Structures are given as structure tokens and as C-alpha cells.
file input-v1.pdb (PDB, C-alpha atoms, pLDDT in the B column)
ATOM      1  CA  MET A 213     107.569  97.775 120.975  1.00 45.00           C
ATOM      2  CA  SER A 214     107.878 101.567 120.826  1.00 45.00           C
ATOM      3  CA  PRO A 215     109.132 103.330 117.707  1.00 50.00           C
ATOM      4  CA  THR A 216     112.787 104.360 117.696  1.00 49.00           C
ATOM      5  CA  PRO A 217     113.115 107.958 118.892  1.00 52.00           C
ATOM      6  CA  ALA A 218     114.297 110.492 116.341  1.00 61.00           C
ATOM      7  CA  VAL A 219     117.991 111.199 116.704  1.00 64.00           C
ATOM      8  CA  PRO A 220     118.613 114.910 117.131  1.00 70.00           C
ATOM      9  CA  PRO A 221     121.267 116.364 114.834  1.00 75.00           C
ATOM     10  CA  LEU A 222     124.760 116.926 116.183  1.00 80.00           C
ATOM     11  CA  PRO A 223     125.366 120.508 117.233  1.00 90.00           C
ATOM     12  CA  THR A 224     127.490 122.515 114.816  1.00 92.00           C
ATOM     13  CA  ALA A 225     131.152 123.002 115.687  1.00 92.00           C
ATOM     14  CA  ASP A 226     130.624 126.662 116.618  1.00 95.00           C
ATOM     15  CA  SER A 227     127.448 126.184 118.675  1.00 95.00           C
ATOM     16  CA  PRO A 228     127.613 126.025 122.497  1.00 96.00           C
ATOM     17  CA  CYS A 229     128.399 122.550 123.795  1.00 97.00           C
ATOM     18  CA  PRO A 230     125.354 120.845 125.405  1.00 96.00           C
ATOM     19  CA  CYS A 231     127.488 119.900 128.428  1.00 96.00           C
ATOM     20  CA  GLY A 232     127.487 123.507 129.658  1.00 94.00           C
ATOM     21  CA  SER A 233     131.272 123.937 129.733  1.00 96.00           C
ATOM     22  CA  GLY A 234     131.011 127.368 128.124  1.00 95.00           C
ATOM     23  CA  ARG A 235     133.083 126.202 125.141  1.00 96.00           C
ATOM     24  CA  THR A 236     131.906 125.413 121.631  1.00 96.00           C
ATOM     25  CA  PHE A 237     130.936 121.897 120.630  1.00 96.00           C
ATOM     26  CA  GLY A 238     133.905 121.782 118.227  1.00 96.00           C
ATOM     27  CA  GLU A 239     136.443 122.432 120.981  1.00 96.00           C
ATOM     28  CA  CYS A 240     134.714 120.510 123.795  1.00 96.00           C
ATOM     29  CA  CYS A 241     132.714 117.299 123.318  1.00 96.00           C
ATOM     30  CA  GLY A 242     132.631 117.098 119.507  1.00 96.00           C
ATOM     31  CA  PRO A 243     136.153 115.669 119.071  1.00 97.00           C
ATOM     32  CA  VAL A 244     135.561 113.235 121.944  1.00 97.00           C
ATOM     33  CA  LEU A 245     132.331 111.887 120.424  1.00 96.00           C
ATOM     34  CA  GLU A 246     134.051 111.590 117.022  1.00 96.00           C
ATOM     35  CA  GLN A 247     136.957 109.720 118.710  1.00 95.00           C
ATOM     36  CA  LYS A 248     139.480 112.324 117.553  1.00 97.00           C
ATOM     37  CA  ARG A 249     140.491 113.110 121.146  1.00 96.00           C
ATOM     38  CA  VAL A 250     140.527 111.154 124.427  1.00 96.00           C
ATOM     39  CA  PRO A 251     139.120 112.951 127.499  1.00 97.00           C
ATOM     40  CA  ALA A 252     141.975 114.102 129.739  1.00 96.00           C
ATOM     41  CA  THR A 253     139.921 113.979 132.964  1.00 97.00           C
ATOM     42  CA  ALA A 254     136.961 112.135 134.402  1.00 97.00           C
ATOM     43  CA  GLU A 255     134.981 115.385 134.279  1.00 97.00           C
ATOM     44  CA  GLU A 256     135.628 115.707 130.535  1.00 97.00           C
ATOM     45  CA  LEU A 257     134.382 112.149 130.072  1.00 98.00           C
ATOM     46  CA  MET A 258     131.296 112.916 132.196  1.00 97.00           C
ATOM     47  CA  ARG A 259     130.561 115.967 130.047  1.00 98.00           C
ATOM     48  CA  SER A 260     130.981 113.954 126.839  1.00 97.00           C
ATOM     49  CA  ARG A 261     128.686 111.235 128.173  1.00 97.00           C
ATOM     50  CA  PHE A 262     126.013 113.825 128.962  1.00 97.00           C
ATOM     51  CA  THR A 263     126.365 115.242 125.441  1.00 97.00           C
ATOM     52  CA  ALA A 264     126.099 111.698 124.063  1.00 95.00           C
ATOM     53  CA  HIS A 265     122.790 111.328 125.932  1.00 94.00           C
ATOM     54  CA  VAL A 266     121.597 114.642 124.442  1.00 94.00           C
ATOM     55  CA  VAL A 267     122.398 113.613 120.850  1.00 92.00           C
ATOM     56  CA  ARG A 268     121.616 109.917 121.481  1.00 91.00           C
ATOM     57  CA  ASP A 269     125.117 108.698 120.611  1.00 92.00           C
ATOM     58  CA  TYR A 270     124.714 105.314 122.286  1.00 92.00           C
ATOM     59  CA  ARG A 271     127.964 104.008 120.790  1.00 94.00           C
ATOM     60  CA  HIS A 272     129.933 106.562 122.834  1.00 96.00           C
ATOM     61  CA  LEU A 273     128.025 105.579 125.986  1.00 95.00           C
ATOM     62  CA  HIS A 274     128.772 101.917 125.267  1.00 95.00           C
ATOM     63  CA  ARG A 275     132.513 102.381 124.709  1.00 95.00           C
ATOM     64  CA  THR A 276     132.955 104.621 127.798  1.00 97.00           C
ATOM     65  CA  TYR A 277     131.132 102.347 130.280  1.00 96.00           C
ATOM     66  CA  LEU A 278     133.542  99.889 131.935  1.00 96.00           C
ATOM     67  CA  PRO A 279     131.335  96.741 131.804  1.00 94.00           C
ATOM     68  CA  THR A 280     130.623  97.175 128.056  1.00 92.00           C
ATOM     69  CA  SER A 281     133.737  98.998 126.826  1.00 91.00           C
ATOM     70  CA  ARG A 282     135.461  95.864 125.492  1.00 90.00           C
ATOM     71  CA  GLN A 283     132.334  94.217 124.066  1.00 90.00           C
ATOM     72  CA  PRO A 284     130.959  94.701 120.546  1.00 91.00           C
ATOM     73  CA  TYR A 285     128.230  97.324 120.296  1.00 90.00           C
ATOM     74  CA  ARG A 286     124.677  96.175 119.677  1.00 86.00           C
ATOM     75  CA  GLU A 287     122.071  98.723 118.624  1.00 84.00           C
ATOM     76  CA  GLU A 288     119.501  99.510 121.317  1.00 73.00           C
ATOM     77  CA  THR A 289     115.964  98.980 120.060  1.00 66.00           C
ATOM     78  CA  ASP A 290     114.099 100.263 123.113  1.00 64.00           C
ATOM     79  CA  ALA A 291     116.046 103.401 123.997  1.00 66.00           C
ATOM     80  CA  ALA A 292     114.467 105.930 126.351  1.00 73.00           C
ATOM     81  CA  ASN A 293     113.223 109.098 124.691  1.00 80.00           C
ATOM     82  CA  ILE A 294     114.420 111.622 127.293  1.00 88.00           C
ATOM     83  CA  THR A 295     115.111 115.250 126.426  1.00 91.00           C
ATOM     84  CA  TRP A 296     118.192 116.256 128.418  1.00 94.00           C
ATOM     85  CA  THR A 297     118.396 120.002 128.958  1.00 95.00           C
ATOM     86  CA  ARG A 298     121.533 120.871 130.934  1.00 96.00           C
ATOM     87  CA  LEU A 299     124.360 119.589 133.099  1.00 97.00           C
ATOM     88  CA  VAL A 300     125.796 121.095 136.281  1.00 96.00           C
ATOM     89  CA  VAL A 301     129.046 119.614 137.593  1.00 96.00           C
ATOM     90  CA  HIS A 302     129.292 120.256 141.338  1.00 95.00           C
ATOM     91  CA  ALA A 303     132.647 118.613 142.067  1.00 95.00           C
ATOM     92  CA  HIS A 304     135.445 116.634 140.427  1.00 96.00           C
ATOM     93  CA  GLU A 305     137.761 114.927 142.888  1.00 95.00           C
ATOM     94  CA  ALA A 306     140.570 112.426 142.691  1.00 95.00           C
ATOM     95  CA  GLY A 307     140.010 109.018 144.230  1.00 92.00           C
ATOM     96  CA  LEU A 308     142.212 107.256 146.777  1.00 92.00           C
ATOM     97  CA  LYS A 309     143.948 105.345 143.979  1.00 92.00           C
ATOM     98  CA  PRO A 310     145.805 107.314 141.287  1.00 90.00           C
ATOM     99  CA  ASP A 311     143.601 106.162 138.401  1.00 95.00           C
ATOM    100  CA  THR A 312     140.201 106.749 140.012  1.00 97.00           C
ATOM    101  CA  ALA A 313     138.104 109.886 140.205  1.00 97.00           C
ATOM    102  CA  PHE A 314     134.608 110.990 141.198  1.00 97.00           C
ATOM    103  CA  VAL A 315     132.304 113.513 139.563  1.00 97.00           C
ATOM    104  CA  ASP A 316     129.318 114.913 141.457  1.00 96.00           C
ATOM    105  CA  PHE A 317     126.746 116.312 139.030  1.00 97.00           C
ATOM    106  CA  SER A 318     123.120 117.127 138.312  1.00 96.00           C
ATOM    107  CA  ALA A 319     121.751 116.288 134.863  1.00 97.00           C
ATOM    108  CA  TYR A 320     118.469 117.995 134.055  1.00 96.00           C
ATOM    109  CA  TYR A 321     115.786 116.680 131.717  1.00 95.00           C
ATOM    110  CA  GLN A 322     112.338 117.707 130.532  1.00 92.00           C
ATOM    111  CA  ASP A 323     109.377 115.818 132.002  1.00 88.00           C
ATOM    112  CA  GLY A 324     106.222 117.258 130.507  1.00 87.00           C
ATOM    113  CA  ASP A 325     106.177 120.938 131.442  1.00 90.00           C
ATOM    114  CA  ALA A 326     108.580 120.524 134.369  1.00 93.00           C
ATOM    115  CA  GLU A 327     112.346 120.195 134.487  1.00 94.00           C
ATOM    116  CA  GLN A 328     113.569 117.314 136.655  1.00 94.00           C
ATOM    117  CA  ALA A 329     117.071 116.552 137.913  1.00 94.00           C
ATOM    118  CA  LEU A 330     119.084 113.383 138.131  1.00 95.00           C
ATOM    119  CA  GLN A 331     121.697 113.884 140.855  1.00 96.00           C
ATOM    120  CA  GLU A 332     124.592 111.476 141.058  1.00 96.00           C
ATOM    121  CA  LYS A 333     128.124 111.012 142.273  1.00 96.00           C
ATOM    122  CA  ALA A 334     129.816 108.850 139.657  1.00 97.00           C
ATOM    123  CA  GLU A 335     133.007 106.819 139.847  1.00 97.00           C
ATOM    124  CA  PHE A 336     135.487 106.719 136.973  1.00 98.00           C
ATOM    125  CA  VAL A 337     138.645 104.681 136.400  1.00 98.00           C
ATOM    126  CA  ARG A 338     141.490 105.179 133.945  1.00 97.00           C
ATOM    127  CA  GLN A 339     142.534 102.051 132.042  1.00 96.00           C
ATOM    128  CA  ASP A 340     145.137 102.079 129.280  1.00 94.00           C
ATOM    129  CA  GLY A 341     145.100 105.895 129.315  1.00 94.00           C
ATOM    130  CA  ARG A 342     141.303 106.125 128.859  1.00 96.00           C
ATOM    131  CA  TRP A 343     138.772 107.244 131.443  1.00 97.00           C
ATOM    132  CA  LEU A 344     135.738 104.959 131.826  1.00 97.00           C
ATOM    133  CA  TYR A 345     132.509 105.380 133.783  1.00 97.00           C
ATOM    134  CA  THR A 346     132.175 102.553 136.296  1.00 97.00           C
ATOM    135  CA  ARG A 347     129.154 103.154 138.499  1.00 96.00           C
ATOM    136  CA  ALA A 348     126.975 105.542 140.451  1.00 95.00           C
ATOM    137  CA  VAL A 349     128.383 105.800 143.962  1.00 95.00           C
ATOM    138  CA  ARG A 350     125.406 107.858 145.142  1.00 91.00           C
ATOM    139  CA  THR A 351     122.156 108.925 143.536  1.00 89.00           C
ATOM    140  CA  GLY A 352     120.226 111.841 144.909  1.00 86.00           C
ATOM    141  CA  PRO A 353     121.518 114.919 146.683  1.00 82.00           C
ATOM    142  CA  PRO A 354     124.620 114.710 148.862  1.00 78.00           C
ATOM    143  CA  PRO A 355     124.078 114.072 152.567  1.00 77.00           C
ATOM    144  CA  ILE A 356     123.726 117.149 154.738  1.00 74.00           C
ATOM    145  CA  LYS A 357     126.721 117.715 156.971  1.00 76.00           C
ATOM    146  CA  SER A 358     126.239 119.490 160.280  1.00 73.00           C
ATOM    147  CA  SER A 359     128.158 122.747 160.649  1.00 76.00           C
ATOM    148  CA  HIS A 360     128.172 122.419 164.447  1.00 76.00           C
ATOM    149  CA  PRO A 361     130.920 120.473 166.214  1.00 81.00           C
ATOM    150  CA  LYS A 362     129.833 117.180 167.701  1.00 85.00           C
ATOM    151  CA  VAL A 363     129.231 117.269 171.463  1.00 86.00           C
ATOM    152  CA  GLY A 364     131.294 114.770 173.449  1.00 87.00           C
ATOM    153  CA  ARG A 365     129.626 112.747 176.199  1.00 85.00           C
ATOM    154  CA  ASN A 366     131.690 114.464 178.931  1.00 91.00           C
ATOM    155  CA  ASP A 367     131.267 117.988 177.509  1.00 89.00           C
ATOM    156  CA  PRO A 368     128.876 120.468 179.132  1.00 90.00           C
ATOM    157  CA  CYS A 369     125.367 120.032 177.754  1.00 89.00           C
ATOM    158  CA  PRO A 370     124.570 122.610 175.030  1.00 86.00           C
ATOM    159  CA  CYS A 371     121.114 123.170 176.565  1.00 88.00           C
ATOM    160  CA  GLY A 372     122.764 125.206 179.343  1.00 87.00           C
ATOM    161  CA  SER A 373     121.732 123.019 182.295  1.00 90.00           C
ATOM    162  CA  GLY A 374     125.278 122.892 183.671  1.00 90.00           C
ATOM    163  CA  LYS A 375     125.276 119.080 183.617  1.00 91.00           C
ATOM    164  CA  LYS A 376     127.467 116.871 181.491  1.00 90.00           C
ATOM    165  CA  TYR A 377     125.902 115.984 178.152  1.00 89.00           C
ATOM    166  CA  LYS A 378     125.761 112.263 179.076  1.00 89.00           C
ATOM    167  CA  HIS A 379     123.662 113.029 182.170  1.00 91.00           C
ATOM    168  CA  CYS A 380     121.337 115.488 180.435  1.00 91.00           C
ATOM    169  CA  CYS A 381     120.301 115.561 176.765  1.00 89.00           C
ATOM    170  CA  GLY A 382     122.626 112.708 175.796  1.00 83.00           C
ATOM    171  CA  ARG A 383     120.386 110.124 177.407  1.00 79.00           C
TER     172      ARG A 383
END
call {"tool": "encode", "arguments": {"input": "input-v1.pdb", "output": "C-alpha cells"}}
result
Amino acid sequence: MSPTPAVPPLPTADSPCPCGSGRTFGECCGPVLEQKRVPATAEELMRSRFTAHVVRDYRHLHRTYLPTSRQPYREETDAANITWTRLVVHAHEAGLKPDTAFVDFSAYYQDGDAEQALQEKAEFVRQDGRWLYTRAVRTGPPPIKSSHPKVGRNDPCPCGSGKKYKHCCGR
């Protein structure tokens, strides 16, 4: 069994928040981690969860994860010792249902001398006025979308042959 990793100290109230919001810890994630304020959006919850990873506040991670949120907290004995460095939120979008949302983000961590990224699109739900993390919808970078319009089978072939696409390059 590995030794328990040292818990880094909480940032001071006037220091920059680890989540990268540009606000101080005291006005951003600090009150959320101390349970003095409930995150108003799924993005705020995502930012507080990243900060909880940075400062190793596993209780916050436990209470904001849907499958464990209503269960008693048990101390983790084999927690990963990852040094998280920064968070970039790419998108925050509402889901099809009123109490669902998605956050697309990249969380960076130190791996030896190199910085690595964990890219994810996460799903969140709001229950009883609280946002909860439910699952990763996608890990890795988003799929590449073509900027060119799709060629129909009866359209002229884009190769310039003068034939219909279905009789030329569409075969």
C-alpha cells in the first residue's frame, strides 16, 4: 500500500483560484468547497471539482458525484497523487432536458517533466437545486467536423469529371 499523499494547503482567499476563472479563491471555488454556497451552473460545479482535485478535497468530489452523493463518505486510502496544473473550459451548454448540462473541458496535470491533458465532455444534472456530476460523455478531443458541405449522390462530382457523384468518385 502506498503512503497517503500530502494534502496541499488550501489557497488563501485572495490568491487566484486554481480553476482558472480569473477570480480569487475566496470569491470563486472557496465558498463552494466550504459548502457556504451552491454552484449556480454546471460549469461552476466543474470548476469547483477541478479545484477539489488540486487541493485533494475528496469529500467535495464525493458529495458532487451523482452515484455517491447520497452515501456516507469513506476516506480513500489509495488516492492518486496527481499534480493538477490548470483547467480550460471549452464549452458549457444546456442539455435537452431543463436540468441537464454539459461541460467540455481540458484538465492539465504534471507527468514528470511534461504537462499532459485530460480532455472530457462531462454531463451534469440538477437535483433538488444542486448540480451533480454524472458521467463522462466523451473522453479525448472532440470529433473533427468537416467544413465542406456533404456531396449528394446525384450532385456533380467534385473532381470535375462532369459525371454525377454516384457514377464517379461515389463508387
call {"tool": "residues_around", "arguments": {"input": "input-v1.pdb", "residues": "Thr280 (chain A)", "least_positions_apart": "5", "cutoff": "12 Å", "atoms": "all atoms listed in the file", "output": "count of residues only"}}
result
11
call {"tool": "residues_near_point", "arguments": {"input": "input-v1.pdb", "point": "(133.6, 128.1, 116.3)", "cutoff": "10 Å", "atoms": "only C-alpha atoms", "output": "list in words"}}
result
Thr224, Ala225, Asp226, Ser227, Pro228, Arg235, Thr236, Phe237, Gly238 and Glu239 of chain A
call {"tool": "residues_around", "arguments": {"input": "input-v1.pdb", "residues": "Cys241 (chain A)", "least_positions_apart": "5", "cutoff": "8 Å", "atoms": "only C-alpha atoms", "output": "PyMOL selection string"}}
result
chain A and resi 229+231+256+259-260+263
call {"tool": "atom_distance", "arguments": {"input": "input-v1.pdb", "atom1": "CA of Ala252 (chain A)", "atom2": "CA of Arg338 (chain A)"}}
result
9.9 Å
call {"tool": "resolve_selection", "arguments": {"input": "input-v1.pdb", "expression": "the PyMOL selection byres ((chain A and resi 341) around 10)", "output": "number ranges by chain"}}
result
A: 250-252, 311, 337-340, 342-344
call {"tool": "resolve_selection", "arguments": {"input": "input-v1.pdb", "expression": "the PyMOL selection byres ((chain A and resi 298-302) around 10)", "output": "list in words"}}
result
Pro230, Cys231, Gly232, Ser233, Glu255, Met258, Arg259, Phe262, Thr263, Val266, Thr295, Trp296, Thr297, Ala303, His304, Val315, Asp316, Phe317, Ser318, Ala319, Tyr320, Tyr321, Gln322, Glu327, Ala329, Leu330, Gln331, Glu332 and Lys333 of chain A
call {"tool": "atom_distance", "arguments": {"input": "input-v1.pdb", "atom1": "CA of Thr253 (chain A)", "atom2": "CA of Asn293 (chain A)"}}
result
28.4 Å
call {"tool": "axis_aligned_box", "arguments": {"input": "input-v1.pdb", "around": "region 366-376 of chain A", "padding_each_side": "3 Å", "output": "AutoDock Vina command-line options"}}
result
--center_x 126.4 --center_y 119.8 --center_z 179.4 --size_x 16.6 --size_y 16.7 --size_z 14.6
call {"tool": "resolve_selection", "arguments": {"input": "input-v1.pdb", "expression": "the PyMOL selection byres ((chain A and resi 381) around 12)", "output": "PyMOL selection string"}}
result
chain A and resi 363-380+382-383
call {"tool": "atom_distance", "arguments": {"input": "input-v1.pdb", "atom1": "CA of Glu288 (chain A)", "atom2": "CA of Pro221 (chain A)"}}
result
18.1 Å
call {"tool": "closest_residue", "arguments": {"input": "input-v1.pdb", "among": "A:Ala264, A:Val349, A:Cys240, A:Ile294", "to": "Phe314 (chain A)", "atoms": "all atoms listed in the file"}}
result
A:Val349
